[in-house]
Amino acid sequence: MAICFAILAHQDRATLADLLQNVHHFCPACIPLVYDASGKEQISEGLPAYIYPDGRQLPYGYGTRYILDVMEWAIELALPFDFFVVLDSDALFIQQGFESFLDRQLGSSEYLGVRFRTEPVRPAIDSPGSYMWRNWNRWQRLLGAEHPCTAFNPLQAFRRSLVERIVALPQLDRLRRAVDHTPRKAMAEAVFPTLAHSLGGNPAAYPEPYPFAVAYRPGSTVSVQELIRFAHTPDCHVVHPVKPLDVNHPVRLWVRWNAGYGTV
């Protein structure tokens, strides 16, 4: 089973290289696809990944367009992947076995998201789901669902069959334009869960401890103490966020030392 990882590169070549080494170590059959959104030359050149040829500078948090572009590119290249997974640059693998985990979790589904949920009523808090509800007349025509669904963006996982249906959408170009002209951050957290639902993907949520290991932590990071606990938790393969993006971050050092790859 092969996973195609969609990785958005923002600013740092060293930590991008570290992430790619981490991914190759823990998922040996993986196919990383890097979208260079840094606006800098050579941040991704020569690294062990497919580099999307038309990357453009993107502000942090505006990644919906890159996911659509990389999905379409993966299908155009006829890459032999079974799963397509969104992997943020500040995520890190900590255990082997993610491929078989996905195969089990996606046994009757084609989409898996951290904290996936349906939003049949408008959320009270400001979120991508509430933004969609405020503009639902527009988004419903593009996404074809009765109501929005949401999930945390890192580790959104799709079976290949669902990716193929997404890139074959007749309104794909209109969806791209809508995404490009949406001022709200993190719309990937509503666009793709809603598409998974409307296209019959029977979307599901990651089991615990993923809502804690892969979380939104503004101004904070996974600690070494948390990392060690997660690394001894069965079927917990990834942590997020590991910030700042520093190749000598204590969490990155511990993972390299414990897994026995790279230079500590």
# chains A, B, ... in the order shown; residues from 1 in each chain; ligands from 1
>>> residues_around(residues="Phe84 in chain A", least_positions_apart="3", cutoff="6 Å", atoms="only C-alpha atoms", output="list in words")
Ile3, Cys4, Phe5, Ala157 and Phe158 of chain A
>>> write_last_selection(atoms="C-alpha atoms", output="short mmCIF file (atom, residue, chain, number, x, y, z; two decimals), in the first residue's frame")
data_model
loop_
_atom_site.label_atom_id
_atom_site.label_comp_id
_atom_site.auth_asym_id
_atom_site.auth_seq_id
_atom_site.Cartn_x
_atom_site.Cartn_y
_atom_site.Cartn_z
CA ILE A 3 0.58 6.74 0.35
CA CYS A 4 0.88 9.91 -1.68
CA PHE A 5 1.68 12.71 0.77
CA ALA A 157 -6.78 11.06 4.18
CA PHE A 158 -8.50 9.96 0.97
#
>>> residues_around(residues="range 203-216 of chain A", least_positions_apart="3", cutoff="10 Å", atoms="only C-alpha atoms", output="ChimeraX atom specification")
/A:91-92,102,105-106,108-118,149,151-158,193-200,219-222,226-227,229-231,233-241
>>> write_last_selection(atoms="N, CA and C atoms", output="compact mmCIF listing (two decimals), in the first residue's frame")
# COMPACT_ATOMS: atom_id res chain seq x y z
N ALA A 91 4.22 18.63 10.96
CA ALA A 91 3.84 17.31 11.47
C ALA A 91 5.07 16.40 11.45
N LEU A 92 5.01 15.30 12.20
CA LEU A 92 6.14 14.39 12.27
C LEU A 92 5.65 12.99 12.61
N LEU A 102 -4.30 3.02 8.04
CA LEU A 102 -5.24 3.65 7.11
C LEU A 102 -6.11 2.61 6.41
N GLN A 105 -8.77 1.63 8.91
CA GLN A 105 -9.72 2.69 9.23
C GLN A 105 -10.59 3.07 8.03
N LEU A 106 -10.05 2.90 6.84
CA LEU A 106 -10.79 3.24 5.63
C LEU A 106 -11.41 2.00 4.98
N SER A 108 -14.43 0.81 5.23
CA SER A 108 -15.76 1.08 4.68
C SER A 108 -15.93 2.55 4.34
N SER A 109 -14.84 3.30 4.37
CA SER A 109 -14.88 4.73 4.07
C SER A 109 -13.83 5.07 3.03
N GLU A 110 -13.97 6.25 2.45
CA GLU A 110 -12.96 6.75 1.52
C GLU A 110 -12.31 8.02 2.03
N TYR A 111 -12.69 8.46 3.22
CA TYR A 111 -12.14 9.70 3.77
C TYR A 111 -12.04 9.57 5.29
N LEU A 112 -10.92 10.09 5.82
CA LEU A 112 -10.68 10.09 7.26
C LEU A 112 -10.14 11.46 7.64
N GLY A 113 -10.73 12.06 8.69
CA GLY A 113 -10.28 13.38 9.13
C GLY A 113 -10.22 13.45 10.64
N VAL A 114 -9.23 14.17 11.15
CA VAL A 114 -9.16 14.41 12.60
C VAL A 114 -10.31 15.33 12.99
N ARG A 115 -11.09 14.90 13.98
CA ARG A 115 -12.28 15.63 14.45
C ARG A 115 -13.30 15.86 13.33
N PHE A 116 -13.42 14.90 12.42
CA PHE A 116 -14.45 15.04 11.39
C PHE A 116 -15.82 15.12 12.05
N ARG A 117 -16.66 16.00 11.53
CA ARG A 117 -18.03 16.10 12.01
C ARG A 117 -18.89 16.77 10.94
N THR A 118 -20.17 16.46 10.97
CA THR A 118 -21.11 17.17 10.12
C THR A 118 -21.56 18.44 10.85
N CYS A 149 -19.54 19.96 6.21
CA CYS A 149 -18.84 19.07 7.14
C CYS A 149 -17.46 19.69 7.38
N ALA A 151 -13.32 19.15 9.34
CA ALA A 151 -12.29 18.32 9.97
C ALA A 151 -11.02 19.15 10.03
N PHE A 152 -10.11 18.80 10.92
CA PHE A 152 -8.82 19.45 11.00
C PHE A 152 -8.01 19.10 9.76
N ASN A 153 -7.29 20.08 9.19
CA ASN A 153 -6.64 19.83 7.90
C ASN A 153 -5.49 18.82 7.94
N PRO A 154 -4.54 18.90 8.89
CA PRO A 154 -3.45 17.91 8.86
C PRO A 154 -3.96 16.48 8.96
N LEU A 155 -3.45 15.63 8.09
CA LEU A 155 -3.75 14.20 8.03
C LEU A 155 -5.09 13.88 7.38
N GLN A 156 -5.73 14.85 6.71
CA GLN A 156 -6.89 14.46 5.92
C GLN A 156 -6.44 13.35 4.96
N ALA A 157 -7.19 12.23 4.96
CA ALA A 157 -6.78 11.06 4.18
C ALA A 157 -7.91 10.63 3.25
N PHE A 158 -7.54 10.31 2.01
CA PHE A 158 -8.50 9.96 0.97
C PHE A 158 -8.07 8.64 0.31
N PRO A 193 -13.85 17.79 3.61
CA PRO A 193 -14.82 16.94 4.32
C PRO A 193 -16.21 16.99 3.69
N THR A 194 -16.61 18.19 3.23
CA THR A 194 -17.93 18.31 2.61
C THR A 194 -17.98 17.58 1.28
N LEU A 195 -16.92 17.70 0.48
CA LEU A 195 -16.86 16.95 -0.77
C LEU A 195 -16.90 15.44 -0.52
N ALA A 196 -16.16 14.98 0.50
CA ALA A 196 -16.15 13.55 0.81
C ALA A 196 -17.57 13.07 1.12
N HIS A 197 -18.31 13.90 1.82
CA HIS A 197 -19.69 13.54 2.17
C HIS A 197 -20.59 13.56 0.93
N SER A 198 -20.51 14.62 0.14
CA SER A 198 -21.42 14.75 -1.00
C SER A 198 -21.12 13.74 -2.10
N LEU A 199 -19.86 13.28 -2.20
CA LEU A 199 -19.49 12.32 -3.24
C LEU A 199 -19.62 10.87 -2.78
N GLY A 200 -20.27 10.66 -1.63
CA GLY A 200 -20.53 9.30 -1.18
C GLY A 200 -19.35 8.60 -0.58
N GLY A 219 0.46 29.07 19.03
CA GLY A 219 1.52 29.53 19.93
C GLY A 219 2.13 28.46 20.78
N SER A 220 1.83 27.18 20.50
CA SER A 220 2.35 26.10 21.33
C SER A 220 2.87 24.98 20.43
N THR A 221 3.36 23.91 21.04
CA THR A 221 3.96 22.81 20.30
C THR A 221 3.79 21.52 21.09
N VAL A 222 3.94 20.38 20.42
CA VAL A 222 4.01 19.11 21.11
C VAL A 222 5.30 19.09 21.93
N GLU A 226 4.98 14.73 25.94
CA GLU A 226 3.80 14.26 25.21
C GLU A 226 4.22 13.29 24.11
N LEU A 227 5.29 13.63 23.41
CA LEU A 227 5.78 12.79 22.32
C LEU A 227 6.07 11.38 22.82
N ARG A 229 4.83 9.85 25.38
CA ARG A 229 3.57 9.17 25.69
C ARG A 229 2.87 8.70 24.42
N PHE A 230 2.82 9.57 23.41
CA PHE A 230 2.17 9.18 22.16
C PHE A 230 2.93 8.06 21.45
N ALA A 231 4.27 8.09 21.56
CA ALA A 231 5.08 7.07 20.89
C ALA A 231 4.88 5.69 21.50
N THR A 233 1.82 4.77 22.53
CA THR A 233 0.39 4.53 22.38
C THR A 233 0.16 3.79 21.07
N PRO A 234 -0.45 2.61 21.10
CA PRO A 234 -0.68 1.87 19.85
C PRO A 234 -1.50 2.70 18.86
N ASP A 235 -1.13 2.58 17.61
CA ASP A 235 -1.83 3.24 16.50
C ASP A 235 -1.87 4.75 16.62
N CYS A 236 -0.84 5.33 17.22
CA CYS A 236 -0.65 6.78 17.18
C CYS A 236 0.64 7.03 16.41
N HIS A 237 0.52 7.45 15.17
CA HIS A 237 1.67 7.47 14.27
C HIS A 237 2.24 8.85 14.00
N VAL A 238 1.47 9.90 14.28
CA VAL A 238 1.87 11.25 13.88
C VAL A 238 1.58 12.21 15.02
N VAL A 239 2.46 13.24 15.17
CA VAL A 239 2.19 14.34 16.08
C VAL A 239 2.22 15.66 15.32
N HIS A 240 1.50 16.64 15.87
CA HIS A 240 1.40 17.97 15.26
C HIS A 240 0.84 18.92 16.31
N PRO A 241 1.39 20.15 16.40
CA PRO A 241 2.48 20.74 15.61
C PRO A 241 3.83 20.63 16.33
>>> closest_residue(among="A:Ile228, A:Ala6, A:Cys27, A:Ala186", to="Asp126 in chain A", atoms="only C-alpha atoms")
A:Ala186
>>> closest_residue(among="A:Ala178, A:Ile31, A:Ser44, A:His249", to="Gln140 in chain A", atoms="only C-alpha atoms")
A:Ala178
>>> select_by_dssp(residues="range 15-191 of chain A", states="helix (DSSP H, G or I)", output="VMD selection string")
chain A and resid 15 to 26 64 to 76 98 to 105 128 to 134 136 to 143 160 to 167 172 to 180 188 to 191
>>> residues_around(residues="Ala37 in chain A", least_positions_apart="6", cutoff="12 Å", atoms="only C-alpha atoms", output="number ranges by chain")
A: 7-13, 43-44, 51-63, 65-67, 89
>>> select_by_dssp(residues="range 32-259 of chain A", states="strand (DSSP E or B)", output="MDAnalysis selection string")
chainID A and resid 32:36 50:51 83:87 92:93 111:118 149:159 204:205 214 238:240
>>> residues_around(residues="Asn248 in chain A", least_positions_apart="5", cutoff="12 Å", atoms="only C-alpha atoms", output="list in words")
Ala14, Thr15, Asp18, Val242, Lys243, Leu253, Trp254, Val255, Arg256, Trp257, Gly262, Thr263 and Val264 of chain A
>>> atom_distance(atom1="CA of Leu79 in chain A", atom2="CA of Arg159 in chain A")
13.3 Å
>>> closest_atom_pairs(of="range 35-85 of chain A", to="range 95-100 of chain A", cutoff="12 Å", atoms="only C-alpha atoms", output="tab-separated table")
residue	atom	partner	partner_atom	distance
A:Phe81	CA	A:Glu99	CA	11.1
A:Asp82	CA	A:Glu99	CA	9.4
A:Phe83	CA	A:Glu99	CA	8.5
A:Phe84	CA	A:Glu99	CA	10.9
A:Val85	CA	A:Glu99	CA	10.7
>>> write_last_selection(atoms="N, CA and C atoms", output="PDB file, in the first residue's frame")
ATOM      1  N   PHE A  81      -0.587   5.158  -6.180  1.00  0.00           N
ATOM      2  CA  PHE A  81      -0.875   5.311  -4.761  1.00  0.00           C
ATOM      3  C   PHE A  81      -2.252   4.737  -4.426  1.00  0.00           C
ATOM      4  N   ASP A  82      -2.388   4.305  -3.181  1.00  0.00           N
ATOM      5  CA  ASP A  82      -3.662   3.807  -2.668  1.00  0.00           C
ATOM      6  C   ASP A  82      -4.376   4.862  -1.834  1.00  0.00           C
ATOM      7  N   PHE A  83      -3.579   5.689  -1.139  1.00  0.00           N
ATOM      8  CA  PHE A  83      -4.124   6.725  -0.264  1.00  0.00           C
ATOM      9  C   PHE A  83      -3.445   8.061  -0.564  1.00  0.00           C
ATOM     10  N   PHE A  84      -4.193   9.129  -0.359  1.00  0.00           N
ATOM     11  CA  PHE A  84      -3.679  10.490  -0.523  1.00  0.00           C
ATOM     12  C   PHE A  84      -3.863  11.185   0.825  1.00  0.00           C
ATOM     13  N   VAL A  85      -2.755  11.701   1.393  1.00  0.00           N
ATOM     14  CA  VAL A  85      -2.790  12.259   2.747  1.00  0.00           C
ATOM     15  C   VAL A  85      -2.170  13.655   2.751  1.00  0.00           C
TER      16      VAL A  85
END
